[in-house]
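Dropping entry_28.cif in here (mmCIF, C-alpha atoms and all ligand atoms):
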```
data_upload
loop_
_atom_site.label_atom_id
_atom_site.label_comp_id
_atom_site.auth_asym_id
_atom_site.auth_seq_id
_atom_site.Cartn_x
_atom_site.Cartn_y
_atom_site.Cartn_z
CA MET U 161 78.10 85.05 90.14
CA LYS U 162 80.78 82.46 90.46
CA ILE U 163 83.41 81.56 93.02
CA THR U 164 86.06 79.31 91.56
CA ILE U 165 88.46 77.44 93.79
CA ILE U 166 91.50 76.28 91.87
CA TYR U 167 93.95 74.03 93.68
CA ASP U 168 97.00 71.94 92.97
CA THR U 169 97.82 68.85 95.01
CA LYS U 170 99.93 65.73 94.89
CA THR U 171 99.18 63.99 98.17
CA GLY U 172 95.70 65.40 98.91
CA ASN U 173 96.32 67.91 101.73
CA THR U 174 95.55 70.98 99.62
CA LYS U 175 92.50 69.26 98.13
CA ARG U 176 91.09 68.74 101.64
CA MET U 177 91.60 72.45 102.29
CA ALA U 178 89.88 73.27 98.98
CA GLN U 179 86.86 71.19 99.98
CA ALA U 180 86.56 73.16 103.22
CA VAL U 181 86.84 76.48 101.35
CA ALA U 182 84.06 75.28 99.02
CA GLU U 183 81.84 74.29 101.98
CA GLY U 184 82.29 77.75 103.47
CA ALA U 185 81.41 79.50 100.22
CA GLU U 186 78.17 77.52 99.69
CA GLY U 187 74.84 78.88 100.83
CA PHE U 188 74.69 82.30 99.23
CA GLU U 189 71.89 83.23 96.80
CA GLY U 190 73.07 83.57 93.24
CA ILE U 191 76.60 82.30 93.82
CA GLU U 192 77.75 79.12 92.13
CA VAL U 193 80.78 77.48 93.74
CA ILE U 194 83.11 75.54 91.47
CA MET U 195 86.14 73.53 92.58
CA LYS U 196 88.78 72.67 90.01
CA HIS U 197 92.06 70.82 90.07
CA ILE U 198 94.69 72.87 88.28
CA ASP U 199 94.83 70.30 85.45
CA ASP U 200 91.17 71.10 84.65
CA ALA U 201 91.44 74.89 85.03
CA SER U 202 91.47 77.32 82.11
CA PRO U 203 92.13 81.07 81.72
CA GLU U 204 88.35 81.73 81.65
CA ASP U 205 88.16 80.51 85.25
CA LEU U 206 90.11 83.60 86.29
CA LEU U 207 87.15 85.76 85.25
CA SER U 208 85.07 84.52 88.21
CA GLU U 209 83.80 87.16 90.65
CA GLY U 210 85.56 85.23 93.42
CA LEU U 211 88.79 83.31 92.88
CA VAL U 212 90.45 81.27 95.63
CA ILE U 213 93.76 79.64 94.80
CA GLY U 214 95.23 76.77 96.83
CA SER U 215 98.74 75.45 96.47
CA PRO U 216 101.04 73.08 98.26
CA THR U 217 104.11 75.07 99.29
CA TYR U 218 106.79 74.16 96.78
CA CYS U 219 110.19 75.71 97.47
CA GLY U 220 108.38 78.53 99.29
CA LEU U 221 106.15 79.39 96.36
CA MET U 222 102.99 78.32 94.55
CA THR U 223 103.47 75.32 92.23
CA TRP U 224 104.65 75.88 88.68
CA LYS U 225 101.32 74.69 87.32
CA LEU U 226 99.46 77.45 89.14
CA LYS U 227 102.01 80.06 88.08
CA LYS U 228 101.71 78.79 84.49
CA LEU U 229 97.95 79.38 84.65
CA PHE U 230 98.55 82.99 85.74
CA ASP U 231 101.17 83.42 83.01
CA GLU U 232 98.89 81.99 80.33
CA SER U 233 95.75 83.90 81.33
CA VAL U 234 97.00 87.46 80.78
CA LYS U 235 95.24 87.90 77.44
CA THR U 236 91.95 86.51 78.76
CA ALA U 237 91.75 87.99 82.23
CA TRP U 238 94.43 90.56 83.09
CA GLY U 239 92.87 93.94 83.87
CA LYS U 240 89.35 92.51 83.34
CA VAL U 241 88.84 91.47 86.95
CA ASP U 242 89.27 94.78 88.77
CA GLY U 243 87.31 94.60 92.02
CA HIS U 244 86.85 90.84 91.90
CA ILE U 245 87.64 89.05 95.15
CA GLY U 246 90.74 86.87 95.58
CA ALA U 247 92.16 84.75 98.38
CA ALA U 248 94.67 81.96 98.94
CA PHE U 249 95.43 78.85 100.98
CA SER U 250 98.48 76.61 101.21
CA SER U 251 99.64 73.36 102.75
CA SER U 252 103.32 72.99 103.62
CA GLY U 253 105.49 70.16 104.89
CA GLY U 254 106.68 72.05 107.96
CA LEU U 255 106.20 75.06 110.16
CA GLY U 256 108.45 77.79 108.82
CA GLY U 257 108.62 75.97 105.49
CA GLY U 258 107.26 78.95 103.62
CA ASN U 259 103.49 78.52 103.50
CA GLU U 260 102.90 82.23 104.16
CA ILE U 261 105.40 83.20 101.47
CA SER U 262 103.53 80.89 99.12
CA LEU U 263 100.32 82.69 99.99
CA CYS U 264 102.01 86.00 99.27
CA SER U 265 103.18 84.71 95.87
CA ILE U 266 99.56 83.87 95.03
CA LEU U 267 98.18 87.14 96.45
CA THR U 268 100.78 89.09 94.45
CA SER U 269 99.60 87.49 91.21
CA LEU U 270 95.94 88.02 92.13
CA MET U 271 96.58 91.72 92.88
CA ASN U 272 98.55 92.04 89.67
CA TYR U 273 95.44 90.92 87.78
CA GLY U 274 93.18 93.38 89.61
CA PHE U 275 91.69 91.24 92.38
CA ILE U 276 90.99 92.66 95.83
CA VAL U 277 92.63 90.21 98.24
CA PHE U 278 92.16 89.53 101.95
CA GLY U 279 93.30 87.36 104.89
CA LEU U 280 91.69 86.26 108.14
CA THR U 281 92.54 88.50 111.07
CA GLU U 282 89.90 86.90 113.28
CA TYR U 283 91.91 83.74 113.89
CA ALA U 284 94.87 85.50 115.51
CA GLY U 285 95.65 84.00 118.90
CA ARG U 286 93.18 81.12 118.58
CA GLY U 287 95.62 78.35 117.79
CA VAL U 288 95.71 78.99 114.07
CA THR U 289 96.81 82.14 112.32
CA ALA U 290 95.62 82.95 108.87
CA HIS U 291 96.75 86.52 108.31
CA TYR U 292 97.39 86.09 104.60
CA GLY U 293 94.92 83.28 103.95
CA ALA U 294 94.55 79.75 105.31
CA VAL U 295 97.61 77.60 106.00
CA ALA U 296 98.14 74.06 107.22
CA VAL U 297 101.13 71.86 107.88
CA GLY U 298 100.46 68.51 106.23
CA ASP U 299 96.96 67.11 106.70
CA PRO U 300 94.72 70.02 107.80
CA GLY U 301 93.38 69.63 111.36
CA GLU U 302 90.08 70.85 112.77
CA LEU U 303 91.19 74.46 113.29
CA GLU U 304 92.79 74.69 109.85
CA VAL U 305 89.64 73.29 108.24
CA LYS U 306 87.63 75.90 110.15
CA ALA U 307 89.90 78.66 108.84
CA CYS U 308 89.48 77.33 105.28
CA ARG U 309 85.69 77.35 105.67
CA ARG U 310 85.84 80.93 106.93
CA LEU U 311 88.02 81.89 103.97
CA GLY U 312 85.34 80.52 101.63
CA GLU U 313 82.54 82.17 103.58
CA LYS U 314 84.25 85.55 103.54
CA THR U 315 84.90 85.25 99.82
CA ALA U 316 81.16 84.70 99.31
CA GLU U 317 80.28 87.59 101.64
CA TYR U 318 82.59 89.96 99.78
CA VAL U 319 81.41 88.77 96.35
CA SER U 320 77.80 89.34 97.50
CA ARG U 321 78.63 92.83 98.70
CA MET U 322 80.46 93.75 95.51
CA PHE U 323 78.14 92.13 93.02
CA GLY U 324 74.77 91.78 94.80
CA GLY U 325 73.15 88.68 96.27
CA ASN U 326 72.14 87.63 99.76
CA ARG U 327 72.74 84.80 102.16
CA LYS U 328 70.03 82.12 101.72
CA GLU U 329 67.43 81.90 104.50
CA GLU U 330 68.26 79.07 106.94
C1 LIG J 1 108.69 69.76 95.00
C2 LIG J 1 108.27 69.96 96.44
C3 LIG J 1 108.70 71.08 97.09
C4 LIG J 1 108.32 71.32 98.41
N1 LIG J 1 108.76 72.44 99.05
C5 LIG J 1 108.39 72.67 100.33
C6 LIG J 1 108.81 73.85 101.01
O1 LIG J 1 109.51 74.70 100.48
N2 LIG J 1 108.43 74.02 102.30
C7 LIG J 1 107.66 73.11 102.96
O2 LIG J 1 107.35 73.30 104.14
N3 LIG J 1 107.21 71.98 102.34
C8 LIG J 1 107.56 71.74 101.04
N4 LIG J 1 107.11 70.61 100.39
C9 LIG J 1 106.14 69.74 101.08
C10 LIG J 1 104.69 70.04 100.67
O3 LIG J 1 104.40 71.42 100.69
C11 LIG J 1 103.70 69.33 101.62
O4 LIG J 1 103.95 67.95 101.65
C12 LIG J 1 102.25 69.61 101.28
O5 LIG J 1 101.42 69.23 102.37
C13 LIG J 1 101.82 68.84 100.05
O6 LIG J 1 100.50 69.18 99.71
P1 LIG J 1 99.55 68.19 98.88
O7 LIG J 1 99.22 67.02 99.78
O8 LIG J 1 98.36 69.00 98.55
O9 LIG J 1 100.31 67.74 97.66
C14 LIG J 1 107.49 70.37 99.08
C15 LIG J 1 107.07 69.22 98.39
C16 LIG J 1 107.46 69.01 97.09
C17 LIG J 1 106.97 67.77 96.37
#
```

Can you turn what I pasted into C-alpha cells?
Amino acid sequence: MKITIIYDTKTGNTKRMAQAVAEGAEGFEGIEVIMKHIDDASPEDLLSEGLVIGSPTYCGLMTWKLKKLFDESVKTAWGKVDGHIGAAFSSSGGLGGGNEISLCSILTSLMNYGFIVFGLTEYAGRGVTAHYGAVAVGDPGELEVKACRRLGEKTAEYVSRMFGGNRKEE
C-alpha cells in the first residue's frame, strides 16, 4: 500500500506542511509513504491507496500545475481509485485569502476521481481549524504542523482500514 503526498510550492511553506503530513503517515505496517514535488509527479501516482495533495493558495484555488496533473491523469486513474483515501492541505498568504476554498478545489477533484475524502473535526476550537484539511497562513506554526501530522496519520489509519495493515508495535 502506498500513500503519496504531492505538493506544489514556491517559497517552501507548503513543503514544510507536506513533511509534517509524511511524518504523520509513517509508522504503519505495509504502508510506504512517498513525498513528491509536483514537477516529479506522474499520473500513476494518483493510483496510490492514499493520496494527499498540498497546494499554496493561488487566486483561491490549487495551483495550475496540480490541476494539470488531475487533467492529464484521467486516462490512467479516473474511476480506478474508487474507495481510495484522499485529503488536502494548503498554505495561503492571509487569513480569509481562500485556503479553505483551495482545499475544496482539491477535494472536488479527488472526489471526481473516486477518492473518499475527509477533514479534521477534532481540531475545532483548539486554535487551529482544519475542517476541510490542514491550512496555514505563511510558514506553518506548531499547531498547523500538528494538524498536518494528524492529517497524515488519519490517511494511514483509513488506508489500513480499507486495505488491511496494522500500526507497527511501538
Ligand atoms: C500567483 C499567486 C497567487 C496567490 N494567491 C493567493 C490568494 O488568493 N490568497 C492568499 O491568501 N494568498 C495567495 N498567494 C500567497 C501564497 O498562497 C502564500 O504565499 C503561500 O504561503 C505560498 O506557499 P509556498 O511557500 O508553498 O509557495 C498567492 C501567491 C502567488 C504567487

Query - Shortest interatomic distance to ligand LIG 1 (chain J) - which of U:Asp242, U:Glu204, U:Asp199, U:Asp168, counting only C-alpha atoms and all ligand atoms - result: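 Residue with the minimum atom-to-atom distance to ligand LIG 1 (chain J): U:Asp168.
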
Query raised in the report: Within 9 Å of Pro300 of chain U, counting all atoms listed in the file, which residues qualify if same-chain residues fewer than 4 places away don't, as a ChimeraX atom specification?
Result: /U:173-174,176-177,251,295-296,304-305

Could you dump the residues just selected with C-alpha atoms as a PDB file, in the coordinates of the input?
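For reference, again11.pdb as written:
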```
ATOM      1  CA  ASN U 173      96.320  67.910 101.730  1.00  0.00           C
ATOM      2  CA  THR U 174      95.550  70.980  99.620  1.00  0.00           C
ATOM      3  CA  ARG U 176      91.090  68.740 101.640  1.00  0.00           C
ATOM      4  CA  MET U 177      91.600  72.450 102.290  1.00  0.00           C
ATOM      5  CA  SER U 251      99.640  73.360 102.750  1.00  0.00           C
ATOM      6  CA  VAL U 295      97.610  77.600 106.000  1.00  0.00           C
ATOM      7  CA  ALA U 296      98.140  74.060 107.220  1.00  0.00           C
ATOM      8  CA  GLU U 304      92.790  74.690 109.850  1.00  0.00           C
ATOM      9  CA  VAL U 305      89.640  73.290 108.240  1.00  0.00           C
TER      10      VAL U 305
END
```

Can I get the residues of chain U within 10 Å of ligand LIG 1 (chain J), each with the closest pair of atoms and their distance in Å to one decimal, using only C-alpha atoms and all ligand atoms, sorted chain first then ascending number, as JSON lines?
```
{"residue": "U:Tyr167", "atom": "CA", "partner": "J:LIG1", "partner_atom": "O8", "distance": 8.3}
{"residue": "U:Asp168", "atom": "CA", "partner": "J:LIG1", "partner_atom": "O8", "distance": 6.5}
{"residue": "U:Thr169", "atom": "CA", "partner": "J:LIG1", "partner_atom": "O8", "distance": 3.6}
{"residue": "U:Lys170", "atom": "CA", "partner": "J:LIG1", "partner_atom": "O9", "distance": 3.4}
{"residue": "U:Thr171", "atom": "CA", "partner": "J:LIG1", "partner_atom": "O7", "distance": 3.4}
{"residue": "U:Gly172", "atom": "CA", "partner": "J:LIG1", "partner_atom": "O7", "distance": 4.0}
{"residue": "U:Asn173", "atom": "CA", "partner": "J:LIG1", "partner_atom": "O7", "distance": 3.6}
{"residue": "U:Thr174", "atom": "CA", "partner": "J:LIG1", "partner_atom": "O8", "distance": 3.6}
{"residue": "U:Lys175", "atom": "CA", "partner": "J:LIG1", "partner_atom": "O8", "distance": 5.9}
{"residue": "U:Arg176", "atom": "CA", "partner": "J:LIG1", "partner_atom": "O8", "distance": 7.9}
{"residue": "U:Met177", "atom": "CA", "partner": "J:LIG1", "partner_atom": "O8", "distance": 8.5}
{"residue": "U:Ala178", "atom": "CA", "partner": "J:LIG1", "partner_atom": "O8", "distance": 9.5}
{"residue": "U:Gly214", "atom": "CA", "partner": "J:LIG1", "partner_atom": "O8", "distance": 8.6}
{"residue": "U:Ser215", "atom": "CA", "partner": "J:LIG1", "partner_atom": "O8", "distance": 6.8}
{"residue": "U:Pro216", "atom": "CA", "partner": "J:LIG1", "partner_atom": "O6", "distance": 4.2}
{"residue": "U:Thr217", "atom": "CA", "partner": "J:LIG1", "partner_atom": "O3", "distance": 3.9}
{"residue": "U:Tyr218", "atom": "CA", "partner": "J:LIG1", "partner_atom": "N1", "distance": 3.5}
{"residue": "U:Cys219", "atom": "CA", "partner": "J:LIG1", "partner_atom": "O1", "distance": 3.2}
{"residue": "U:Gly220", "atom": "CA", "partner": "J:LIG1", "partner_atom": "O1", "distance": 4.2}
{"residue": "U:Leu221", "atom": "CA", "partner": "J:LIG1", "partner_atom": "O1", "distance": 7.1}
{"residue": "U:Met222", "atom": "CA", "partner": "J:LIG1", "partner_atom": "O3", "distance": 9.3}
{"residue": "U:Thr223", "atom": "CA", "partner": "J:LIG1", "partner_atom": "C1", "distance": 8.1}
{"residue": "U:Trp224", "atom": "CA", "partner": "J:LIG1", "partner_atom": "C1", "distance": 9.7}
{"residue": "U:Ser250", "atom": "CA", "partner": "J:LIG1", "partner_atom": "O6", "distance": 7.8}
{"residue": "U:Ser251", "atom": "CA", "partner": "J:LIG1", "partner_atom": "O5", "distance": 4.5}
{"residue": "U:Ser252", "atom": "CA", "partner": "J:LIG1", "partner_atom": "O3", "distance": 3.5}
{"residue": "U:Gly253", "atom": "CA", "partner": "J:LIG1", "partner_atom": "N3", "distance": 3.6}
{"residue": "U:Gly254", "atom": "CA", "partner": "J:LIG1", "partner_atom": "O2", "distance": 4.1}
{"residue": "U:Leu255", "atom": "CA", "partner": "J:LIG1", "partner_atom": "O2", "distance": 6.4}
{"residue": "U:Gly256", "atom": "CA", "partner": "J:LIG1", "partner_atom": "O2", "distance": 6.6}
{"residue": "U:Gly257", "atom": "CA", "partner": "J:LIG1", "partner_atom": "O2", "distance": 3.3}
{"residue": "U:Gly258", "atom": "CA", "partner": "J:LIG1", "partner_atom": "N2", "distance": 5.2}
{"residue": "U:Asn259", "atom": "CA", "partner": "J:LIG1", "partner_atom": "O2", "distance": 6.5}
{"residue": "U:Glu260", "atom": "CA", "partner": "J:LIG1", "partner_atom": "O2", "distance": 10.0}
{"residue": "U:Ile261", "atom": "CA", "partner": "J:LIG1", "partner_atom": "O1", "distance": 9.5}
{"residue": "U:Ser262", "atom": "CA", "partner": "J:LIG1", "partner_atom": "O1", "distance": 8.7}
{"residue": "U:Val295", "atom": "CA", "partner": "J:LIG1", "partner_atom": "O5", "distance": 9.9}
{"residue": "U:Ala296", "atom": "CA", "partner": "J:LIG1", "partner_atom": "O5", "distance": 7.6}
{"residue": "U:Val297", "atom": "CA", "partner": "J:LIG1", "partner_atom": "O5", "distance": 6.1}
{"residue": "U:Gly298", "atom": "CA", "partner": "J:LIG1", "partner_atom": "O5", "distance": 4.0}
{"residue": "U:Asp299", "atom": "CA", "partner": "J:LIG1", "partner_atom": "O5", "distance": 6.6}
{"residue": "U:Pro300", "atom": "CA", "partner": "J:LIG1", "partner_atom": "O5", "distance": 8.7}
```

**Report entry** Shell around Ser208 of chain U at 10 Å using only C-alpha atoms, local window under 5 positions removed, as an NGL selection string
**Finding:** :U and (161-165 or 192-194 or 237 or 241 or 244-246 or 319)

Requested in this report: Using atom CA of Ala248 of chain U and atom CA of Leu263 of chain U as the two end points, give the distance in Å to one decimal.
Outcome: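 Computing it gives 5.8 Å between the two atoms.
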
Within 9 Å of (98.0, 77.9, 83.5) (file coordinates; all atoms listed in the file), which protein or nucleic acid residues are there? I'd like them as an mmCIF file with C-alpha atoms, in the frame of the given file.
```
data_model
loop_
_atom_site.group_PDB
_atom_site.id
_atom_site.type_symbol
_atom_site.label_atom_id
_atom_site.label_comp_id
_atom_site.auth_asym_id
_atom_site.auth_seq_id
_atom_site.Cartn_x
_atom_site.Cartn_y
_atom_site.Cartn_z
ATOM 1 C CA ILE U 198 94.690 72.870 88.280
ATOM 2 C CA ASP U 199 94.830 70.300 85.450
ATOM 3 C CA ALA U 201 91.440 74.890 85.030
ATOM 4 C CA SER U 202 91.470 77.320 82.110
ATOM 5 C CA PRO U 203 92.130 81.070 81.720
ATOM 6 C CA TRP U 224 104.650 75.880 88.680
ATOM 7 C CA LYS U 225 101.320 74.690 87.320
ATOM 8 C CA LEU U 226 99.460 77.450 89.140
ATOM 9 C CA LYS U 227 102.010 80.060 88.080
ATOM 10 C CA LYS U 228 101.710 78.790 84.490
ATOM 11 C CA LEU U 229 97.950 79.380 84.650
ATOM 12 C CA PHE U 230 98.550 82.990 85.740
ATOM 13 C CA ASP U 231 101.170 83.420 83.010
ATOM 14 C CA GLU U 232 98.890 81.990 80.330
ATOM 15 C CA SER U 233 95.750 83.900 81.330
#
```

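Take the candidates U:Lys328, U:Lys196, U:Lys235, U:His291 and check each one against Ala247 of chain U using all atoms listed in the file; the shortest distance goes to U:His291.
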
**Report entry** Two-atom distance - atom CA of Thr289 of chain U, atom CA of Glu186 of chain U (Å)
**Finding:**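 Between atom CA of Thr289 of chain U and atom CA of Glu186 of chain U the gap works out to 23.0 Å.
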
Requested in this report: Measure the distance from atom CA of Gly187 of chain U to atom CA of Gly301 of chain U in Å and round it to one decimal.
Outcome: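 Taking atom CA of Gly187 of chain U and atom CA of Gly301 of chain U, their separation equals 23.2 Å.
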
**Report entry** From U:Ile276, U:Tyr318, U:Ala180, U:Thr281, residue lying nearest Leu303 of chain U [all atoms listed in the file]
**Finding:** U:Ala180

Report task. Using only C-alpha atoms, pick whichever of U:Leu280, U:Ile191, U:Ile266, U:Ala185 has the shortest atom-to-atom distance to Arg309 of chain U. Result -> U:Ala185
